[in-house]
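Heads up, run.cif below (mmCIF, C-alpha atoms):
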```
data_final
#
loop_
_atom_site.group_PDB
_atom_site.id
_atom_site.type_symbol
_atom_site.label_atom_id
_atom_site.label_comp_id
_atom_site.auth_asym_id
_atom_site.auth_seq_id
_atom_site.Cartn_x
_atom_site.Cartn_y
_atom_site.Cartn_z
ATOM 1 C CA ALA P 16 -3.028 14.037 -8.656
ATOM 2 C CA VAL P 17 -6.344 12.742 -9.937
ATOM 3 C CA LYS P 18 -7.594 9.172 -9.677
ATOM 4 C CA GLN P 19 -10.473 8.509 -12.046
ATOM 5 C CA PHE P 20 -13.235 5.941 -11.779
ATOM 6 C CA HIS P 21 -14.895 5.765 -15.193
ATOM 7 C CA ASN P 22 -18.631 5.549 -15.927
ATOM 8 C CA LEU P 23 -19.718 5.215 -12.295
ATOM 9 C CA LEU P 24 -21.925 8.215 -11.684
ATOM 10 C CA GLY P 25 -25.482 7.120 -10.945
ATOM 11 C CA LYS P 26 -24.453 3.463 -10.535
ATOM 12 C CA ASP P 27 -23.854 1.347 -7.473
ATOM 13 C CA LEU P 28 -20.216 1.828 -6.559
ATOM 14 C CA ALA P 29 -18.040 -1.267 -6.280
ATOM 15 C CA HIS P 30 -16.931 -2.192 -2.770
ATOM 16 C CA PRO P 31 -13.208 -1.290 -3.281
ATOM 17 C CA ILE P 32 -14.116 2.180 -4.566
ATOM 18 C CA LEU P 33 -16.389 2.858 -1.589
ATOM 19 C CA ARG P 34 -13.724 1.493 0.728
ATOM 20 C CA GLU P 35 -11.072 3.770 -0.740
ATOM 21 C CA LEU P 36 -13.341 6.819 -0.526
ATOM 22 C CA THR P 37 -14.146 6.030 3.100
ATOM 23 C CA MET P 38 -10.580 5.263 4.143
ATOM 24 C CA ILE P 39 -9.005 8.259 2.471
ATOM 25 C CA GLN P 40 -11.484 10.535 4.274
ATOM 26 C CA LEU P 41 -11.193 8.731 7.613
ATOM 27 C CA LEU P 42 -7.434 8.292 7.913
ATOM 28 C CA GLN P 43 -5.257 11.336 8.591
ATOM 29 C CA HIS P 44 -1.470 10.998 8.896
ATOM 30 C CA PRO P 45 1.453 12.928 7.351
ATOM 31 C CA ASN P 46 2.620 9.771 5.548
ATOM 32 C CA LEU P 47 -0.775 8.841 4.097
ATOM 33 C CA ILE P 48 -2.005 10.462 0.897
ATOM 34 C CA ARG P 49 -4.744 13.042 1.490
ATOM 35 C CA MET P 50 -7.817 13.689 -0.606
ATOM 36 C CA VAL P 51 -8.348 17.299 -1.603
ATOM 37 C CA ASP P 52 -11.671 17.039 -3.438
ATOM 38 C CA ILE P 53 -14.176 14.719 -5.103
ATOM 39 C CA ARG P 54 -15.389 15.815 -8.534
ATOM 40 C CA THR P 55 -17.684 14.458 -11.189
ATOM 41 C CA ASN P 56 -16.832 14.674 -14.850
ATOM 42 C CA GLY P 57 -19.501 13.249 -17.140
ATOM 43 C CA GLY P 58 -20.133 9.768 -15.768
ATOM 44 C CA ASP P 59 -16.731 9.661 -14.073
ATOM 45 C CA ILE P 60 -15.915 10.189 -10.429
ATOM 46 C CA GLU P 61 -12.555 11.821 -9.787
ATOM 47 C CA LEU P 62 -10.644 11.805 -6.528
ATOM 48 C CA VAL P 63 -8.354 14.817 -6.391
ATOM 49 C CA MET P 64 -5.471 13.995 -4.089
ATOM 50 C CA GLU P 65 -2.404 15.836 -2.967
ATOM 51 C CA TYR P 66 0.621 15.262 -5.144
ATOM 52 C CA GLY P 67 2.795 12.642 -3.464
ATOM 53 C CA GLY P 68 5.677 12.407 -5.907
ATOM 54 C CA ILE P 69 6.689 9.355 -7.913
ATOM 55 C CA ASN P 70 6.167 5.791 -6.765
ATOM 56 C CA MET P 71 9.010 3.998 -5.023
ATOM 57 C CA ARG P 72 9.586 1.603 -7.929
ATOM 58 C CA LYS P 73 10.268 4.503 -10.333
ATOM 59 C CA TYR P 74 12.284 6.333 -7.683
ATOM 60 C CA CYS P 75 14.592 3.318 -7.310
ATOM 61 C CA THR P 76 15.365 3.388 -11.035
ATOM 62 C CA LYS P 77 16.238 7.109 -10.929
ATOM 63 C CA VAL P 78 18.340 7.196 -7.752
ATOM 64 C CA SER P 79 21.596 5.333 -7.113
ATOM 65 C CA ALA P 80 21.863 2.466 -4.634
ATOM 66 C CA GLU P 81 24.317 4.571 -2.596
ATOM 67 C CA GLN P 82 21.826 7.412 -2.251
ATOM 68 C CA ARG P 83 19.008 4.999 -1.342
ATOM 69 C CA ALA P 84 21.254 3.439 1.321
ATOM 70 C CA GLU P 85 21.593 6.897 2.866
ATOM 71 C CA GLU P 86 17.823 7.435 2.722
ATOM 72 C CA VAL P 87 16.644 4.043 3.993
ATOM 73 C CA GLN P 88 16.485 5.154 7.637
ATOM 74 C CA THR P 89 14.202 8.085 6.741
ATOM 75 C CA VAL P 90 12.014 5.933 4.502
ATOM 76 C CA ALA P 91 11.777 3.162 7.118
ATOM 77 C CA TYR P 92 10.898 5.619 9.882
ATOM 78 C CA GLN P 93 8.123 7.247 7.859
ATOM 79 C CA LEU P 94 6.730 3.912 6.638
ATOM 80 C CA LEU P 95 6.675 2.468 10.152
ATOM 81 C CA SER P 96 5.200 5.691 11.539
ATOM 82 C CA ALA P 97 2.294 5.407 9.086
ATOM 83 C CA LEU P 98 1.832 1.722 9.932
ATOM 84 C CA ARG P 99 1.863 2.504 13.657
ATOM 85 C CA TYR P 100 -0.952 4.982 13.070
ATOM 86 C CA LEU P 101 -2.923 2.502 10.941
ATOM 87 C CA PHE P 102 -2.519 -0.208 13.568
ATOM 88 C CA ALA P 103 -3.600 2.189 16.334
ATOM 89 C CA VAL P 104 -6.920 2.702 14.537
ATOM 90 C CA ARG P 105 -7.103 -1.070 13.775
ATOM 91 C CA CYS P 106 -6.639 -0.513 10.042
ATOM 92 C CA VAL P 107 -4.629 -2.796 7.797
ATOM 93 C CA HIS P 108 -3.519 -1.582 4.340
ATOM 94 C CA ARG P 109 -3.263 -5.097 2.814
ATOM 95 C CA ASP P 110 -1.361 -4.071 -0.320
ATOM 96 C CA LEU P 111 1.945 -2.501 0.664
ATOM 97 C CA LYS P 112 4.283 -2.519 -2.314
ATOM 98 C CA PRO P 113 6.637 -0.004 -3.978
ATOM 99 C CA ASP P 114 3.890 1.055 -6.407
ATOM 100 C CA ASN P 115 1.728 2.188 -3.459
ATOM 101 C CA ILE P 116 4.393 4.301 -1.781
ATOM 102 C CA LEU P 117 5.015 7.750 -3.219
ATOM 103 C CA ILE P 118 8.253 9.659 -2.672
ATOM 104 C CA SER P 119 8.829 13.388 -3.018
ATOM 105 C CA LYS P 120 11.885 15.473 -2.235
ATOM 106 C CA SER P 121 10.513 19.013 -2.274
ATOM 107 C CA ASP P 122 11.280 19.738 1.407
ATOM 108 C CA GLY P 123 13.439 16.780 2.316
ATOM 109 C CA LEU P 124 12.479 13.200 1.591
ATOM 110 C CA LEU P 125 8.803 12.470 2.256
ATOM 111 C CA ILE P 126 6.861 9.269 1.627
ATOM 112 C CA LYS P 127 3.105 8.883 1.299
ATOM 113 C CA ILE P 128 1.273 5.575 1.308
ATOM 114 C CA CYS P 129 -1.496 5.570 -1.270
ATOM 115 C CA ASP P 130 -4.082 3.234 -2.819
ATOM 116 C CA LEU P 131 -6.311 2.410 0.125
ATOM 117 C CA GLY P 132 -8.756 0.357 -1.963
ATOM 118 C CA LEU P 133 -7.873 -2.899 -0.159
ATOM 119 C CA SER P 134 -7.467 -1.397 3.303
ATOM 120 C CA LYS P 135 -9.817 -2.479 6.038
ATOM 121 C CA ILE P 136 -10.641 -1.705 9.644
ATOM 122 C CA LEU P 137 -10.264 -4.933 11.640
ATOM 123 C CA THR P 138 -13.159 -4.990 14.053
ATOM 124 C CA PRO P 139 -13.817 -7.874 16.438
ATOM 125 C CA GLY P 140 -16.876 -8.893 14.408
ATOM 126 C CA THR P 141 -15.098 -8.984 11.044
ATOM 127 C CA GLU P 142 -11.644 -10.373 11.834
ATOM 128 C CA GLY P 143 -12.675 -13.833 10.629
ATOM 129 C CA VAL P 144 -14.298 -12.524 7.447
ATOM 130 C CA ASN P 145 -11.223 -11.537 5.468
ATOM 131 C CA SER P 146 -10.112 -12.441 1.994
ATOM 132 C CA PRO P 147 -6.963 -14.571 1.909
ATOM 133 C CA ARG P 148 -6.020 -13.168 -1.501
ATOM 134 C CA VAL P 149 -4.936 -9.710 -0.431
ATOM 135 C CA CYS P 150 -1.482 -8.253 -0.964
ATOM 136 C CA THR P 151 0.288 -8.385 -4.292
ATOM 137 C CA LEU P 152 1.928 -11.801 -4.653
ATOM 138 C CA ASN P 153 5.561 -10.711 -4.146
ATOM 139 C CA TYR P 154 4.622 -8.892 -0.924
ATOM 140 C CA ARG P 155 2.157 -11.449 0.495
ATOM 141 C CA PRO P 156 3.103 -13.258 3.737
ATOM 142 C CA PRO P 157 3.493 -17.024 3.339
ATOM 143 C CA GLU P 158 0.764 -17.824 5.869
ATOM 144 C CA ASN P 159 -1.768 -16.137 3.597
ATOM 145 C CA SER P 160 -0.712 -18.371 0.728
ATOM 146 C CA LEU P 161 -0.101 -21.622 2.607
ATOM 147 C CA SER P 162 -3.134 -21.771 4.852
ATOM 148 C CA LYS P 163 -5.463 -19.588 2.803
ATOM 149 C CA ALA P 164 -5.734 -17.657 6.065
ATOM 150 C CA GLU P 165 -8.864 -15.603 6.458
ATOM 151 C CA ASN P 166 -8.168 -14.610 10.041
ATOM 152 C CA TYR P 167 -5.104 -12.421 9.708
ATOM 153 C CA THR P 168 -3.735 -9.426 11.544
ATOM 154 C CA HIS P 169 -1.540 -6.409 10.915
ATOM 155 C CA ALA P 170 1.277 -8.891 10.259
ATOM 156 C CA VAL P 171 0.380 -8.728 6.547
ATOM 157 C CA ASP P 172 1.554 -5.103 6.521
ATOM 158 C CA ILE P 173 4.689 -5.822 8.560
ATOM 159 C CA TRP P 174 5.695 -8.520 6.038
ATOM 160 C CA GLY P 175 4.954 -6.130 3.171
ATOM 161 C CA ALA P 176 6.981 -3.345 4.814
ATOM 162 C CA GLY P 177 9.985 -5.657 5.150
ATOM 163 C CA CYS P 178 9.758 -6.644 1.487
ATOM 164 C CA VAL P 179 9.374 -2.997 0.434
ATOM 165 C CA LEU P 180 12.394 -1.840 2.453
ATOM 166 C CA TYR P 181 14.535 -4.661 1.056
ATOM 167 C CA GLU P 182 13.547 -3.626 -2.456
ATOM 168 C CA PHE P 183 14.241 0.027 -1.675
ATOM 169 C CA VAL P 184 17.809 -0.819 -0.659
ATOM 170 C CA THR P 185 18.625 -3.400 -3.341
ATOM 171 C CA GLY P 186 16.436 -2.260 -6.229
ATOM 172 C CA SER P 187 15.067 -5.803 -6.667
ATOM 173 C CA PRO P 188 12.123 -7.670 -5.103
ATOM 174 C CA LEU P 189 13.005 -9.954 -2.195
ATOM 175 C CA PHE P 190 10.734 -12.770 -3.427
ATOM 176 C CA PRO P 191 10.217 -12.386 -7.190
ATOM 177 C CA GLY P 192 7.857 -14.669 -9.044
ATOM 178 C CA ARG P 193 4.722 -14.714 -11.145
ATOM 179 C CA ILE P 194 2.992 -17.693 -9.546
ATOM 180 C CA GLU P 195 2.297 -18.434 -5.907
ATOM 181 C CA LEU P 196 4.289 -21.676 -5.783
ATOM 182 C CA ALA P 197 7.440 -20.011 -7.168
ATOM 183 C CA VAL P 198 7.228 -17.212 -4.589
ATOM 184 C CA LEU P 199 6.666 -19.689 -1.753
ATOM 185 C CA GLN P 200 9.707 -21.697 -2.864
ATOM 186 C CA LYS P 201 11.852 -18.557 -2.767
ATOM 187 C CA ILE P 202 10.569 -17.749 0.730
ATOM 188 C CA LEU P 203 11.381 -21.259 1.938
ATOM 189 C CA GLN P 204 14.883 -21.062 0.431
#
```

Would you give me this structure, written as structure tokens?
Amino acid sequence: AVKQFHNLLGKDLAHPILRELTMIQLLQHPNLIRMVDIRTNGGDIELVMEYGGINMRKYCTKVSAEQRAEEVQTVAYQLLSALRYLFAVRCVHRDLKPDNILISKSDGLLIKICDLGLSKILTPGTEGVNSPRVCTLNYRPPENSLSKAENYTHAVDIWGAGCVLYEFVTGSPLFPGRIELAVLQKILQ
């Protein structure tokens, strides 16, 4: 799989692109997507990554609810295993959602977390310097919306994992909505 960043060669790279390049090289776990190569193509930078399958959202539309119910234990174990690793190295993904979880079934069911552009290592000096607007709205913990929290922990990924697993089983988001207030109301209900 190739992820392209257009017209960047010879320019200052944006912070999320540098962060993703750094994180994908730094983090090594069987359930995290691996980078195979970095290439240049004209003014583009291309990250060549292992093929991780289709994203969870597409997978849920192709596979029956009964089959997903049988697979949820495997998916949950692998997702939590990857999060345990991230937490052990003080990393937080900050954007767990079905689009960022790839599923393949070549040798049994295997998930890979991808898109590390928002991930961050939480160091003691930077824990209070975090953006409150991380996580896609439907997977964002309420404390990040209500208090505009800048000092958050790995709890953002635990909340996201719970929302993702619910959606894997049911095929629908746990807290759907297009605006923050609507999502918060659904959480409170």

Query - Output check: residues returned by the PyMOL selection byres ((chain P and resi 36-52) around 10), as an MDAnalysis selection string - result: chainID P and resid 16:17 30:35 53:54 61:67 93:98 100:101 104 106 108 116:118 125:136

Query - Output of the PyMOL selection byres ((chain P and resi 191) around 12), listed as a VMD selection string - result: chain P and resid 151 to 155 178 182 186 to 190 192 to 202

Requested in this report: Report the distance between CA of Met71 (chain P) and CA of Leu180 (chain P) in Å, rounded to one decimal place.
Outcome: 10.1 Å

Report task. Using only C-alpha atoms, pick whichever of P:His169, P:His21, P:Arg105, P:Arg99 has the shortest atom-to-atom distance to Gly58 (chain P). Result -> P:His21

Requested in this report: Within 10 Å of Arg83 (chain P), counting only C-alpha atoms, which residues show up once you throw out same-chain ones fewer than 4 positions away? Write them as a ChimeraX atom specification, please.
Outcome: /P:74-75,78-79,87-90,183-186

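Here CA of Thr76 (chain P) stands at a distance of 21.5 Å from CA of Tyr92 (chain P).
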
Where's the centre, and what are the edge lengths in Å to one decimal, of a box along x, y and z enclosing all listed atoms of region 87-90 of chain P padded 8 Å per side, as lines of an AutoDock Vina configuration file?
```
center_x = 14.3
center_y = 6.1
center_z = 5.8
size_x = 20.6
size_y = 20.0
size_z = 19.6
```

Report task. Check the smallest atom-to-atom distance from each of P:Tyr181, P:Lys77, P:Lys18, P:Leu203 to Pro157 (chain P) using all atoms listed in the file, then report the winner. Result ->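 Among the listed residues, P:Leu203 lies closest to Pro157 (chain P).
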
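Rounded to one decimal, CA of Ile173 (chain P) and CA of Gly68 (chain P) lie 23.3 Å from each other.
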
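Across P:Asn115, P:Asp59, P:Ala170, P:Glu85, the tightest approach to Lys73 (chain P) is made by P:Asn115 when counting all atoms listed in the file.
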